[in-house]
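Dumped entry-v1.cif below, it's mmCIF, C-alpha atoms:
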data_start
loop_
_atom_site.label_atom_id
_atom_site.label_comp_id
_atom_site.auth_asym_id
_atom_site.auth_seq_id
_atom_site.Cartn_x
_atom_site.Cartn_y
_atom_site.Cartn_z
CA MET A 170 74.60 -36.45 252.41
CA LYS A 171 75.55 -39.30 254.70
CA TYR A 172 74.40 -42.74 253.62
CA GLN A 173 73.69 -45.61 255.94
CA ILE A 174 75.34 -48.12 253.62
CA CYS A 175 77.74 -47.76 250.71
CA LEU A 176 78.28 -50.80 248.50
CA THR A 177 81.86 -50.89 247.23
CA LEU A 178 82.92 -52.97 244.23
CA VAL A 179 86.06 -53.25 242.12
CA ASN A 180 85.64 -53.98 238.43
CA ALA A 181 88.22 -55.71 236.24
CA ASN A 182 86.33 -56.71 233.08
CA SER A 183 83.46 -58.16 235.11
CA LYS A 184 80.65 -55.72 234.27
CA LYS A 185 78.09 -58.45 233.52
CA GLU A 186 78.62 -60.13 236.89
CA LEU A 187 78.71 -56.76 238.69
CA ILE A 188 75.36 -55.69 237.25
CA LYS A 189 73.79 -59.02 238.20
CA SER A 190 75.15 -58.70 241.72
CA LEU A 191 73.69 -55.23 242.20
CA LYS A 192 70.35 -56.17 240.63
CA THR A 193 69.92 -59.13 242.97
CA LEU A 194 70.99 -57.08 245.99
CA PHE A 195 68.62 -54.18 245.30
CA GLU A 196 65.77 -56.60 244.63
CA ASN A 197 66.53 -58.46 247.84
CA SER A 198 66.67 -55.23 249.86
CA LYS A 199 63.98 -53.16 248.09
CA ASP A 200 61.97 -52.61 251.29
CA SER A 201 64.90 -51.81 253.58
CA ASP A 202 64.23 -48.02 253.78
CA LEU A 203 67.99 -47.52 254.03
CA ARG A 204 69.97 -44.77 252.33
CA ILE A 205 72.21 -46.75 249.98
CA ALA A 206 75.02 -45.61 247.68
CA VAL A 207 77.12 -47.61 245.21
CA ALA A 208 80.83 -46.90 244.64
CA ILE A 209 82.52 -48.72 241.76
CA VAL A 210 86.23 -48.45 241.04
CA ASP A 211 87.30 -49.73 237.64
CA ASN A 212 90.83 -51.11 237.30
CA ASN A 213 91.35 -50.02 233.68
CA SER A 214 88.95 -52.59 232.20
CA HIS A 215 87.49 -52.53 228.70
CA ASP A 216 83.78 -53.14 229.23
CA ASN A 217 82.25 -49.62 229.37
CA ILE A 218 81.51 -49.74 233.08
CA ARG A 219 80.47 -46.08 233.09
CA GLU A 220 76.97 -46.96 231.90
CA VAL A 221 76.27 -48.65 235.24
CA GLU A 222 75.93 -45.19 236.81
CA SER A 223 72.52 -44.76 235.17
CA MET A 224 71.25 -48.19 236.16
CA PHE A 225 71.21 -47.82 239.95
CA PRO A 226 70.45 -44.84 242.21
CA HIS A 227 73.27 -42.93 243.93
CA THR A 228 75.95 -44.74 241.94
CA GLN A 229 79.37 -43.37 241.05
CA VAL A 230 82.08 -44.96 238.90
CA LEU A 231 85.75 -44.02 239.10
CA ILE A 232 88.09 -45.33 236.38
CA ARG A 233 91.76 -45.85 237.19
CA ASP A 234 94.60 -45.83 234.68
CA LYS A 235 95.79 -49.37 235.49
CA ASN A 236 94.99 -52.37 237.66
CA TYR A 237 96.01 -51.28 241.15
CA GLY A 238 94.66 -54.44 242.76
CA PHE A 239 91.73 -55.22 245.04
CA GLY A 240 92.69 -53.54 248.31
CA SER A 241 93.92 -50.29 246.82
CA SER A 242 90.81 -49.84 244.71
CA GLN A 243 88.50 -50.78 247.58
CA ASN A 244 90.19 -48.07 249.65
CA VAL A 245 89.40 -45.56 246.92
CA ALA A 246 85.80 -46.78 246.74
CA MET A 247 85.36 -46.25 250.47
CA THR A 248 86.21 -42.55 250.05
CA MET A 249 83.64 -41.87 247.34
CA PHE A 250 80.65 -41.62 249.70
CA ASP A 251 80.27 -40.84 253.39
CA ALA A 252 78.51 -43.78 255.03
CA GLU A 253 78.00 -45.47 258.38
CA TYR A 254 78.85 -48.86 256.89
CA TYR A 255 80.69 -50.07 253.79
CA PHE A 256 79.70 -53.37 252.20
CA VAL A 257 82.82 -54.64 250.43
CA LEU A 258 81.67 -56.94 247.63
CA ASN A 259 83.07 -59.01 244.80
CA PRO A 260 81.25 -58.66 241.46
CA ASP A 261 80.57 -62.42 241.39
CA THR A 262 78.29 -62.35 244.46
CA GLU A 263 74.54 -62.84 244.17
CA PHE A 264 71.71 -62.27 246.64
CA PHE A 265 68.50 -64.25 246.86
CA GLY A 266 65.56 -65.06 249.12
CA GLU A 267 63.41 -62.67 251.11
CA ASN A 268 65.66 -62.06 254.10
CA ASN A 269 66.46 -58.40 253.22
CA THR A 270 70.22 -58.76 253.38
CA LEU A 271 71.17 -55.13 253.95
CA LYS A 272 68.58 -54.54 256.68
CA MET A 273 69.65 -57.66 258.56
CA LEU A 274 73.34 -56.79 258.40
CA TYR A 275 72.64 -53.18 259.37
CA ASN A 276 70.45 -54.16 262.33
CA PHE A 277 72.98 -56.74 263.53
CA MET A 278 75.76 -54.16 263.58
CA GLU A 279 73.57 -51.52 265.22
CA LYS A 280 72.86 -53.95 268.05
CA ASN A 281 76.51 -54.96 268.45
CA LYS A 282 78.60 -51.82 268.57
CA TYR A 283 81.83 -53.68 269.38
CA ILE A 284 81.88 -55.50 266.02
CA GLY A 285 84.01 -54.00 263.25
CA ILE A 286 83.33 -56.51 260.47
CA VAL A 287 80.49 -58.95 259.91
CA ALA A 288 80.31 -61.40 257.00
CA PRO A 289 77.43 -63.51 255.71
CA LYS A 290 77.39 -67.22 255.08
CA ILE A 291 78.70 -67.96 251.57
CA VAL A 292 77.45 -70.75 249.34
CA TYR A 293 78.47 -72.00 245.91
CA PRO A 294 76.02 -71.71 242.98
CA ASP A 295 74.82 -75.26 243.73
CA GLY A 296 73.93 -74.23 247.29
CA SER A 297 76.73 -76.10 249.04
CA LEU A 298 78.71 -74.41 251.81
CA GLN A 299 81.73 -72.37 250.79
CA TYR A 300 84.23 -72.08 253.62
CA SER A 301 84.60 -68.33 254.08
CA CYS A 302 85.66 -67.87 257.70
CA TYR A 303 89.04 -69.02 258.90
CA ARG A 304 91.60 -69.21 261.65
CA PHE A 305 94.75 -67.20 261.13
CA PRO A 306 97.27 -69.42 259.36
CA TYR A 307 100.63 -70.74 260.36
CA PHE A 308 103.45 -70.16 257.89
CA THR A 309 103.28 -73.69 256.48
CA GLN A 310 99.51 -73.70 255.96
CA PRO A 311 99.50 -72.41 252.33
CA PHE A 312 101.96 -75.18 251.44
CA PHE A 313 99.61 -77.83 252.79
CA SER A 314 96.64 -76.21 251.02
CA ARG A 315 98.35 -76.74 247.67
CA ALA A 316 99.97 -80.10 248.43
CA LYS A 317 98.66 -83.16 246.60
CA PHE A 318 99.80 -85.58 249.27
CA ASN A 319 98.29 -86.06 252.71
CA PHE A 320 101.58 -86.57 254.60
CA GLY A 321 100.12 -89.17 256.91
CA GLY A 322 96.94 -87.21 257.59
CA LYS A 323 98.75 -84.01 258.53
CA THR A 324 97.58 -82.12 255.43
CA LYS A 325 93.92 -82.75 256.14
CA LYS A 326 94.27 -81.91 259.84
CA ILE A 327 95.96 -78.56 259.12
CA ASN A 328 93.51 -77.62 256.38
CA ASP A 329 90.45 -78.62 258.41
CA ARG A 330 91.60 -76.45 261.30
CA PHE A 331 92.35 -73.52 258.99
CA LEU A 332 88.93 -73.85 257.30
CA MET A 333 87.20 -74.17 260.69
CA LYS A 334 85.50 -77.43 259.80
CA ASP A 335 84.96 -77.99 263.52
CA PHE A 336 82.95 -74.76 263.67
CA ASP A 337 79.15 -74.44 263.79
CA HIS A 338 78.37 -72.67 260.51
CA SER A 339 74.71 -72.21 261.48
CA SER A 340 75.00 -69.65 264.28
CA PRO A 341 76.60 -66.17 264.57
CA GLN A 342 80.02 -66.37 266.18
CA PRO A 343 83.31 -64.46 266.33
CA VAL A 344 85.98 -65.72 263.94
CA ASP A 345 89.59 -64.80 263.20
CA TRP A 346 88.99 -63.58 259.67
CA VAL A 347 86.52 -63.67 256.81
CA MET A 348 86.81 -63.81 253.04
CA GLY A 349 86.93 -60.43 251.29
CA SER A 350 84.15 -61.32 248.85
CA ALA A 351 81.50 -59.94 251.23
CA MET A 352 82.51 -57.86 254.26
CA PHE A 353 80.12 -55.47 256.00
CA VAL A 354 82.35 -52.97 257.79
CA ARG A 355 81.72 -50.22 260.33
CA GLN A 356 83.02 -46.78 259.32
CA LYS A 357 84.14 -46.00 262.88
CA ALA A 358 86.32 -49.12 262.85
CA ILE A 359 87.83 -48.14 259.49
CA ALA A 360 88.57 -44.66 260.85
CA GLU A 361 90.56 -46.22 263.69
CA VAL A 362 92.15 -49.22 261.97
CA GLY A 363 92.53 -47.87 258.44
CA GLY A 364 91.56 -49.51 255.16
CA PHE A 365 93.19 -52.41 253.35
CA ASP A 366 96.98 -52.49 253.50
CA GLU A 367 98.08 -51.69 249.95
CA ILE A 368 101.26 -53.74 250.16
CA PHE A 369 98.96 -56.57 249.07
CA TRP A 370 98.06 -56.29 245.39
CA MET A 371 95.69 -59.21 245.71
CA TYR A 372 95.17 -61.91 248.37
CA ALA A 373 95.86 -61.70 252.14
CA GLU A 374 94.48 -58.16 252.35
CA ASP A 375 91.29 -59.53 253.93
CA SER A 376 93.04 -61.64 256.58
CA ASP A 377 95.40 -58.75 257.34
CA TRP A 378 92.48 -56.32 257.74
CA CYS A 379 90.70 -58.65 260.13
CA HIS A 380 93.94 -59.18 262.06
CA ARG A 381 94.30 -55.42 262.46
CA MET A 382 90.66 -55.13 263.55
CA TRP A 383 91.21 -57.63 266.34
CA GLU A 384 94.43 -55.89 267.40
CA LYS A 385 92.39 -52.69 267.88
CA LYS A 386 89.66 -54.58 269.80
CA TRP A 387 87.12 -54.59 266.96
CA ALA A 388 85.49 -58.01 266.70
CA VAL A 389 85.04 -59.93 263.45
CA TYR A 390 81.85 -62.01 263.16
CA TYR A 391 80.36 -64.69 260.92
CA PHE A 392 76.60 -64.15 260.47
CA PRO A 393 74.95 -67.14 258.72
CA GLU A 394 71.41 -65.76 258.98
CA VAL A 395 72.34 -63.89 255.79
CA VAL A 396 73.36 -66.08 252.86
CA VAL A 397 75.21 -64.94 249.72
CA ARG A 398 75.91 -66.96 246.59
CA HIS A 399 79.49 -66.64 245.31
CA THR A 400 81.02 -68.11 242.15
CA HIS A 401 84.56 -67.96 243.60
CA GLY A 402 86.76 -68.55 240.55
CA ARG A 403 90.00 -69.02 242.56
CA ALA A 404 92.21 -67.71 239.78
CA SER A 405 95.37 -68.58 241.72
CA ALA A 406 94.39 -72.26 241.93
CA LYS A 407 93.55 -72.90 238.27
CA VAL A 408 96.98 -74.43 237.76
CA PRO A 409 97.44 -77.19 240.38
CA GLY A 410 100.61 -78.01 242.26
CA LEU A 411 103.36 -76.07 244.00
CA ILE A 412 106.05 -75.17 241.45
CA TRP A 413 104.36 -75.05 238.05
CA PRO A 414 101.77 -72.38 239.10
CA ILE A 415 104.62 -70.01 240.01
CA ILE A 416 105.87 -70.25 236.45
CA THR A 417 102.57 -70.14 234.56
CA ASN A 418 99.95 -68.36 236.68
CA LYS A 419 100.36 -64.69 237.62
CA TYR A 420 97.64 -64.97 240.26
CA ALA A 421 99.45 -67.86 241.91
CA ARG A 422 102.59 -65.71 241.98
CA ALA A 423 100.57 -62.85 243.49
CA HIS A 424 99.15 -65.24 246.08
CA ILE A 425 102.62 -66.42 247.11
CA LYS A 426 103.97 -62.85 247.27
CA SER A 427 101.07 -61.79 249.48
CA TRP A 428 101.53 -64.85 251.69
CA LEU A 429 105.20 -63.95 252.24
CA LYS A 430 104.37 -60.28 252.90
CA TYR A 431 101.66 -61.27 255.37
CA PHE A 432 103.92 -63.51 257.41
CA TRP A 433 106.79 -61.03 257.33
CA LYS A 434 104.43 -58.32 258.57
CA TRP A 435 102.96 -60.36 261.43
CA LYS A 436 106.19 -62.27 262.25
CA GLY A 437 104.60 -65.34 263.77
CA ASN A 438 101.65 -63.58 265.40
CA HIS A 439 99.00 -66.10 264.41
CA ARG A 440 97.17 -66.27 267.71
CA PHE A 441 93.54 -67.25 267.47
CA TYR A 442 90.94 -64.77 268.68
CA ARG A 443 88.09 -67.24 268.81
#
Do you think you could lay out the structure here as structure tokens?
Amino acid sequence: MKYQICLTLVNANSKKELIKSLKTLFENSKDSDLRIAVAIVDNNSHDNIREVESMFPHTQVLIRDKNYGFGSSQNVAMTMFDAEYYFVLNPDTEFFGENNTLKMLYNFMEKNKYIGIVAPKIVYPDGSLQYSCYRFPYFTQPFFSRAKFNFGGKTKKINDRFLMKDFDHSSPQPVDWVMGSAMFVRQKAIAEVGGFDEIFWMYAEDSDWCHRMWEKKWAVYYFPEVVVRHTHGRASAKVPGLIWPIITNKYARAHIKSWLKYFWKWKGNHRFYR
């Protein structure tokens, strides 16, 4: 059976959040009349994720023997069901309102066959805007993101450009790349471009995927008519600063490794597609 949409999620001891995400999404999209499947890949967690299979229709859980990271496990999830579109989701996303999220995303992509990835507007739990679409970064940008000092205004200028603060976040527009917490992706684009690059254990796999989409002439769009709530824990930023996080925070180390891999891979190709 071919589904119209397959929801793909990676679990790493986040069953409670994952269940809430799926409950809110199915409630939000209960009248969509779409054929929907759910693929969950578990990265060797300890929270009995298997029981989720009985909670939602057409759901399958695959348990891996260790934590292979986000991109690798999402790639596995996207092979578990045959679908026209894959909705890559983080477990800490929530859906609300009466806008029928899945139907709106599906219809938008059906009307715009040149788009490979579309992403909704993301807000924090308090309803404030979460910057989730970006320009491709220069090599020094991650340094300025973590810097405490403004360097004569340069830090703010670089970060504002990267975060697209000059961008109209109220209308659908093409963007360089979108956050991997909620990406609605066309299967035909995946077949041509490939899935996430597994050299990235965590972080940068979303910007790299969007970069590869653009290189193959598949557009990436921001679609604010659909709004998703996202907790966004930012595990790599829980220890502030530049040096100390490398010593104490494994996610900060992973972030830096992915940053270096990304820039080595693209070798200065940070052109803007918007």
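Among the candidate residues A:Ile188, A:Arg440, A:Tyr307, A:Phe239, the one lying nearest to Glu222 (chain A) is A:Ile188, with distances computed using all atoms listed in the file.
Nearest-residue note for Thr400 (chain A): choosing from A:Asp375, A:Gly296, A:Lys325, A:Trp433, the minimum distance belongs to A:Gly296, counting all atoms listed in the file.
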**Prompt:** Lys235 (chain A): which residues within 12 Å, counting all atoms listed in the file, same-chain residues fewer than 4 positions away excluded, as a PyMOL selection string?
**Reply:** chain A and resi 180-181+210-215+231+239+241-242
**Complete:** Computed gap from CA of Val347 (chain A) to CA of Ala388 (chain A) is 11.4 Å
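The space between CA of Lys290 (chain A) and CA of Ser339 (chain A) spans 8.5 Å.
We find CA of Ile205 (chain A) and CA of Cys379 (chain A) to be spaced 24.2 Å apart.
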**All residues 8 Å or closer to region 271-275 of chain A, all atoms listed in the file, same chain fewer than 5 positions away omitted, as an NGL selection string** = :A and (198 or 201 or 203 or 254 or 287 or 353 or 395)
**Asked** When the PyMOL selection byres ((chain A and resi 355-366) around 9) is applied to the file above, which residues end up in the set, as a count of residues only?
**Response** 32
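Proximity to Trp428 (chain A) at 10 Å, evaluated using all atoms listed in the file and with sequence-adjacent residues fewer than 5 positions away removed, yields Pro306, Phe308, Pro311, Phe369, Tyr372, Ala373, Glu374, Arg422, Ala423, Trp433 and Lys434 of chain A.
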Residue subset to file, keeping C-alpha atoms, as a PDB file, in the coordinates of the input:
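New file again-v8.pdb:
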ATOM      1  CA  PRO A 306      97.270 -69.420 259.360  1.00  0.00           C
ATOM      2  CA  PHE A 308     103.450 -70.160 257.890  1.00  0.00           C
ATOM      3  CA  PRO A 311      99.500 -72.410 252.330  1.00  0.00           C
ATOM      4  CA  PHE A 369      98.960 -56.570 249.070  1.00  0.00           C
ATOM      5  CA  TYR A 372      95.170 -61.910 248.370  1.00  0.00           C
ATOM      6  CA  ALA A 373      95.860 -61.700 252.140  1.00  0.00           C
ATOM      7  CA  GLU A 374      94.480 -58.160 252.350  1.00  0.00           C
ATOM      8  CA  ARG A 422     102.590 -65.710 241.980  1.00  0.00           C
ATOM      9  CA  ALA A 423     100.570 -62.850 243.490  1.00  0.00           C
ATOM     10  CA  TRP A 433     106.790 -61.030 257.330  1.00  0.00           C
ATOM     11  CA  LYS A 434     104.430 -58.320 258.570  1.00  0.00           C
TER      12      LYS A 434
END
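Of the listed residues A:Ala208, A:Ile218, A:Met371, A:Val389, the one whose atoms come nearest to Thr248 (chain A) is A:Ala208, with distances taken using only C-alpha atoms.
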**Message:** For the PyMOL selection byres ((chain A and resi 193) around 12), applied here, can you spell out every residue it catches as a PyMOL selection string?
**Reply:** chain A and resi 186-192+194-199+225+260-267+269-271+397-398
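For the set A:Phe305, A:Arg330, A:Gln173, A:Pro393, the residue with the smallest atom-to-atom gap to Asn438 (chain A) is A:Phe305, counting only C-alpha atoms.
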